[in-house]
Amino acid sequence: MSSSTPAPAPSALGRLRRTPFWVQIVAGLVLGVVLGFIARQNDVSWLSTTLDTIGKTFVQLLKLAVPPLVFTAIVVSIANLRNVTNAARLAARTLLWFGITSLIAVSIGLAIGLATNPGRGTNLSTSGLKPPQDSGSWVDFLTGIIPTNIADAFLKVNVLQIVFLAIVAGAAILKAGAKAAPFLKLNESLLELVQTALWWVIRLAPLGTLGLIGKSVAKYGWDLLRPLATFTVDVYVGCALVLFVVYSLLLRFVGGLNPVRFFQGAWPAIQLAFVSRSSVGTLPVTRRVTERLGVPSEYASFAVPFGATTKMDGCAAIYPSIAAIFVAQVYGIHLGIGDYLLIAFVSVIGSAATAGLTGAIVMLTLTLSTLGLPLEGVGLLLAIDPILDMMRTATNVAGQVVVPILVSAREKTLDLVAYNAPSAELYESPVTEAEVESKELVAA
């Protein structure tokens, strides 16, 4: 008679790895709020400093990967377009849907701003405010695309210039053909290395969540939100309408898809975007969930990196539209129909100015300067920008996943089996059509 040896109990690290990623994020969020509240109420300076250090370290690790990640991802994605059937049509449709969704988002932002009047009755003092050093005028935007020094574009992390260099390099690879194969192979290898290292950082997201949320609560609390409560609620409501209502309606009636399946599959990327406040930092997760939702890998490798630097419904549409109305009302400046149309135009055309990094200050200054509003008004909103940026970035990333799905669904290339069997766990592999056919064959 044989005796079976009981399996050893899993270690604490093993139990942590088995815990779903979204549970880890939520746990970090709740614990961060609690610790931040304790640090603020009891004036615990060492706890505030610790939370601040944890949050800054996590963001710095994400930013460290931005230059090589953006450059190599876009170079490889453009070069791989030669393997995609009807690549030009796919690229055109992607840009078209980027524009359509941005126009819908800015319309919602304007409607909310006009309905709630967020700048009236705030009694905020504008004396002593200074305009930001980098004003986002159209001249600055257009001249800033082309770098004067290639090294500076990477050293100073000017994402817009890096995107320009990557597009040029990718197009040159397509033109040069076989002669450029070694350079393309180098970029593919570097992209794989950067994404692997970034996955290690992403696994630290629960700890980063604890630090970032805890720091915000300890530093700002609720006092700062009181005079800006209407504006803050407006931004969150506007982003929520786009994220949960507009995208769901587009998926249902344009793509003929179940929106619930989308949120089940895309939730890890949306969560990480909310915490990290960086579309580019979330790029590897965004691409993984997009492919797991059935978008062909060849198309996703182009659409997702491109969207991470230009598709900003939260930062470039909802936020600047409400903020422009807020600043105008604080300064007592009347906006007419022409001004609102100008806001919509800037939001749709100028999205690339946000360039996928944390914050939307450049886009806001671009909007204010186009309307002739005081740039000093940016200073009124700087303090609560981190709080707003979490929801804005989550909306951005959700849109970056929705558009490739819509285009793939319209082109009949979306893997419906993978889309309808999503996994909420970040590290699981998707169910593919081939696997389903294989299982059916074995069963038969």
# chains A, B, ... in the order shown; residues from 1 in each chain; ligands from 1
$ closest_atom_pairs --of "region 240-298 of chain A" --to "region 204-223 of chain A" --cutoff "12 Å" --atoms "only C-alpha atoms" --output "JSON lines"
{"residue": "A:Pro268", "atom": "CA", "partner": "A:Ala205", "partner_atom": "CA", "distance": 10.8}
{"residue": "A:Ala269", "atom": "CA", "partner": "A:Ala205", "partner_atom": "CA", "distance": 11.3}
{"residue": "A:Gln271", "atom": "CA", "partner": "A:Ala205", "partner_atom": "CA", "distance": 9.6}
{"residue": "A:Leu272", "atom": "CA", "partner": "A:Ala205", "partner_atom": "CA", "distance": 7.1}
{"residue": "A:Ala273", "atom": "CA", "partner": "A:Ala205", "partner_atom": "CA", "distance": 10.1}
{"residue": "A:Phe274", "atom": "CA", "partner": "A:Thr209", "partner_atom": "CA", "distance": 9.2}
{"residue": "A:Val275", "atom": "CA", "partner": "A:Thr209", "partner_atom": "CA", "distance": 5.6}
{"residue": "A:Ser276", "atom": "CA", "partner": "A:Thr209", "partner_atom": "CA", "distance": 7.6}
{"residue": "A:Arg277", "atom": "CA", "partner": "A:Leu212", "partner_atom": "CA", "distance": 10.0}
{"residue": "A:Gly281", "atom": "CA", "partner": "A:Ala205", "partner_atom": "CA", "distance": 11.1}
{"residue": "A:Thr282", "atom": "CA", "partner": "A:Ala205", "partner_atom": "CA", "distance": 10.5}
{"residue": "A:Val285", "atom": "CA", "partner": "A:Ala205", "partner_atom": "CA", "distance": 11.7}
$ select_by_dssp --residues "region 58-100 of chain A" --states "alpha helix (DSSP H)" --output "number ranges by chain"
A: 58-64, 66-79, 87-100
$ write_last_selection --atoms "N, CA, C and O atoms" --output "short mmCIF file (atom, residue, chain, number, x, y, z; two decimals), in the first residue's frame"
data_model
loop_
_atom_site.label_atom_id
_atom_site.label_comp_id
_atom_site.auth_asym_id
_atom_site.auth_seq_id
_atom_site.Cartn_x
_atom_site.Cartn_y
_atom_site.Cartn_z
N PHE A 58 8.74 54.09 -9.03
CA PHE A 58 7.97 53.32 -10.01
C PHE A 58 7.80 54.11 -11.31
O PHE A 58 8.02 53.57 -12.41
N VAL A 59 7.44 55.39 -11.21
CA VAL A 59 7.26 56.22 -12.40
C VAL A 59 8.58 56.39 -13.14
O VAL A 59 8.64 56.36 -14.37
N GLN A 60 9.68 56.56 -12.39
CA GLN A 60 10.98 56.73 -13.02
C GLN A 60 11.40 55.49 -13.79
O GLN A 60 12.00 55.59 -14.87
N LEU A 61 11.08 54.32 -13.24
CA LEU A 61 11.40 53.07 -13.95
C LEU A 61 10.61 52.98 -15.26
O LEU A 61 11.13 52.52 -16.28
N LEU A 62 9.35 53.42 -15.24
CA LEU A 62 8.56 53.42 -16.46
C LEU A 62 9.13 54.40 -17.48
O LEU A 62 9.26 54.09 -18.66
N LYS A 63 9.48 55.60 -17.01
CA LYS A 63 10.00 56.63 -17.92
C LYS A 63 11.34 56.22 -18.52
O LYS A 63 11.67 56.61 -19.64
N LEU A 64 12.11 55.43 -17.76
CA LEU A 64 13.42 55.00 -18.24
C LEU A 64 13.31 54.22 -19.54
O LEU A 64 14.18 54.28 -20.40
N VAL A 66 10.90 54.61 -21.82
CA VAL A 66 10.12 55.32 -22.84
C VAL A 66 10.89 55.54 -24.15
O VAL A 66 10.40 55.15 -25.22
N PRO A 67 12.08 56.17 -24.15
CA PRO A 67 12.75 56.45 -25.44
C PRO A 67 13.01 55.21 -26.29
O PRO A 67 12.59 55.18 -27.46
N PRO A 68 13.67 54.16 -25.75
CA PRO A 68 13.90 52.99 -26.62
C PRO A 68 12.61 52.26 -26.98
O PRO A 68 12.49 51.72 -28.08
N LEU A 69 11.63 52.26 -26.07
CA LEU A 69 10.38 51.56 -26.34
C LEU A 69 9.61 52.23 -27.48
O LEU A 69 9.16 51.56 -28.42
N VAL A 70 9.46 53.55 -27.40
CA VAL A 70 8.71 54.27 -28.44
C VAL A 70 9.40 54.13 -29.80
O VAL A 70 8.76 53.83 -30.80
N PHE A 71 10.71 54.36 -29.83
CA PHE A 71 11.43 54.33 -31.10
C PHE A 71 11.36 52.95 -31.74
O PHE A 71 10.96 52.80 -32.90
N THR A 72 11.74 51.92 -31.00
CA THR A 72 11.79 50.58 -31.59
C THR A 72 10.40 50.05 -31.93
O THR A 72 10.22 49.40 -32.95
N ALA A 73 9.41 50.35 -31.09
CA ALA A 73 8.05 49.85 -31.35
C ALA A 73 7.49 50.43 -32.64
O ALA A 73 6.89 49.71 -33.44
N ILE A 74 7.69 51.73 -32.86
CA ILE A 74 7.16 52.36 -34.06
C ILE A 74 7.95 51.95 -35.30
O ILE A 74 7.38 51.69 -36.36
N VAL A 75 9.28 51.86 -35.18
CA VAL A 75 10.10 51.42 -36.31
C VAL A 75 9.68 50.02 -36.76
O VAL A 75 9.44 49.77 -37.95
N VAL A 76 9.58 49.11 -35.81
CA VAL A 76 9.23 47.72 -36.13
C VAL A 76 7.80 47.64 -36.67
O VAL A 76 7.52 46.90 -37.63
N SER A 77 6.88 48.40 -36.07
CA SER A 77 5.48 48.33 -36.52
C SER A 77 5.32 48.85 -37.94
O SER A 77 4.58 48.26 -38.74
N ILE A 78 6.01 49.95 -38.28
CA ILE A 78 5.92 50.47 -39.64
C ILE A 78 6.58 49.51 -40.64
O ILE A 78 6.04 49.25 -41.71
N ALA A 79 7.75 48.96 -40.26
CA ALA A 79 8.43 48.02 -41.15
C ALA A 79 7.60 46.77 -41.38
O ALA A 79 7.61 46.20 -42.47
N ALA A 87 -2.42 47.31 -46.03
CA ALA A 87 -1.85 48.09 -44.93
C ALA A 87 -2.27 49.55 -45.00
O ALA A 87 -2.59 50.17 -43.98
N ALA A 88 -2.25 50.13 -46.19
CA ALA A 88 -2.61 51.54 -46.33
C ALA A 88 -4.04 51.79 -45.90
O ALA A 88 -4.34 52.78 -45.22
N ARG A 89 -4.94 50.87 -46.27
CA ARG A 89 -6.35 51.05 -45.89
C ARG A 89 -6.52 50.91 -44.38
O ARG A 89 -7.28 51.66 -43.75
N LEU A 90 -5.81 49.95 -43.77
CA LEU A 90 -5.89 49.78 -42.32
C LEU A 90 -5.38 51.02 -41.59
O LEU A 90 -5.98 51.48 -40.61
N ALA A 91 -4.26 51.58 -42.06
CA ALA A 91 -3.71 52.77 -41.44
C ALA A 91 -4.67 53.94 -41.57
O ALA A 91 -4.89 54.70 -40.61
N ALA A 92 -5.28 54.10 -42.76
CA ALA A 92 -6.22 55.20 -42.98
C ALA A 92 -7.46 55.05 -42.09
O ALA A 92 -7.93 56.02 -41.50
N ARG A 93 -7.97 53.83 -41.97
CA ARG A 93 -9.16 53.60 -41.14
C ARG A 93 -8.84 53.80 -39.66
O ARG A 93 -9.68 54.27 -38.89
N THR A 94 -7.62 53.43 -39.27
CA THR A 94 -7.21 53.65 -37.88
C THR A 94 -7.20 55.14 -37.55
O THR A 94 -7.74 55.57 -36.53
N LEU A 95 -6.60 55.93 -38.43
CA LEU A 95 -6.56 57.38 -38.23
C LEU A 95 -7.97 57.97 -38.24
O LEU A 95 -8.27 58.89 -37.47
N LEU A 96 -8.82 57.45 -39.11
CA LEU A 96 -10.19 57.95 -39.20
C LEU A 96 -10.93 57.73 -37.89
O LEU A 96 -11.59 58.65 -37.37
N TRP A 97 -10.80 56.54 -37.32
CA TRP A 97 -11.50 56.25 -36.07
C TRP A 97 -10.86 56.98 -34.89
O TRP A 97 -11.55 57.32 -33.93
N PHE A 98 -9.56 57.22 -34.96
CA PHE A 98 -8.93 58.08 -33.94
C PHE A 98 -9.62 59.44 -33.95
O PHE A 98 -9.95 60.00 -32.89
N GLY A 99 -9.82 60.01 -35.15
CA GLY A 99 -10.45 61.31 -35.27
C GLY A 99 -11.91 61.31 -34.84
O GLY A 99 -12.37 62.23 -34.15
N ILE A 100 -12.64 60.26 -35.23
CA ILE A 100 -14.08 60.19 -34.89
C ILE A 100 -14.27 60.12 -33.38
O ILE A 100 -15.09 60.85 -32.80
#
$ residues_around --residues "region 319-324 of chain A" --least-positions-apart "3" --cutoff "7 Å" --atoms "only C-alpha atoms" --output "PyMOL selection string"
chain A and resi 106+109-110+113+235+314-316+327-328+343+363-364+367-368
$ atom_distance --atom1 "CA of Val159 (chain A)" --atom2 "CA of Leu184 (chain A)"
20.5 Å
$ closest_residue --among "A:Glu376, A:Ala317, A:Ile270, A:Leu341" --to "Val397 (chain A)" --atoms "only C-alpha atoms"
A:Ile270
$ atom_distance --atom1 "CA of Val254 (chain A)" --atom2 "CA of Pro404 (chain A)"
12.4 Å
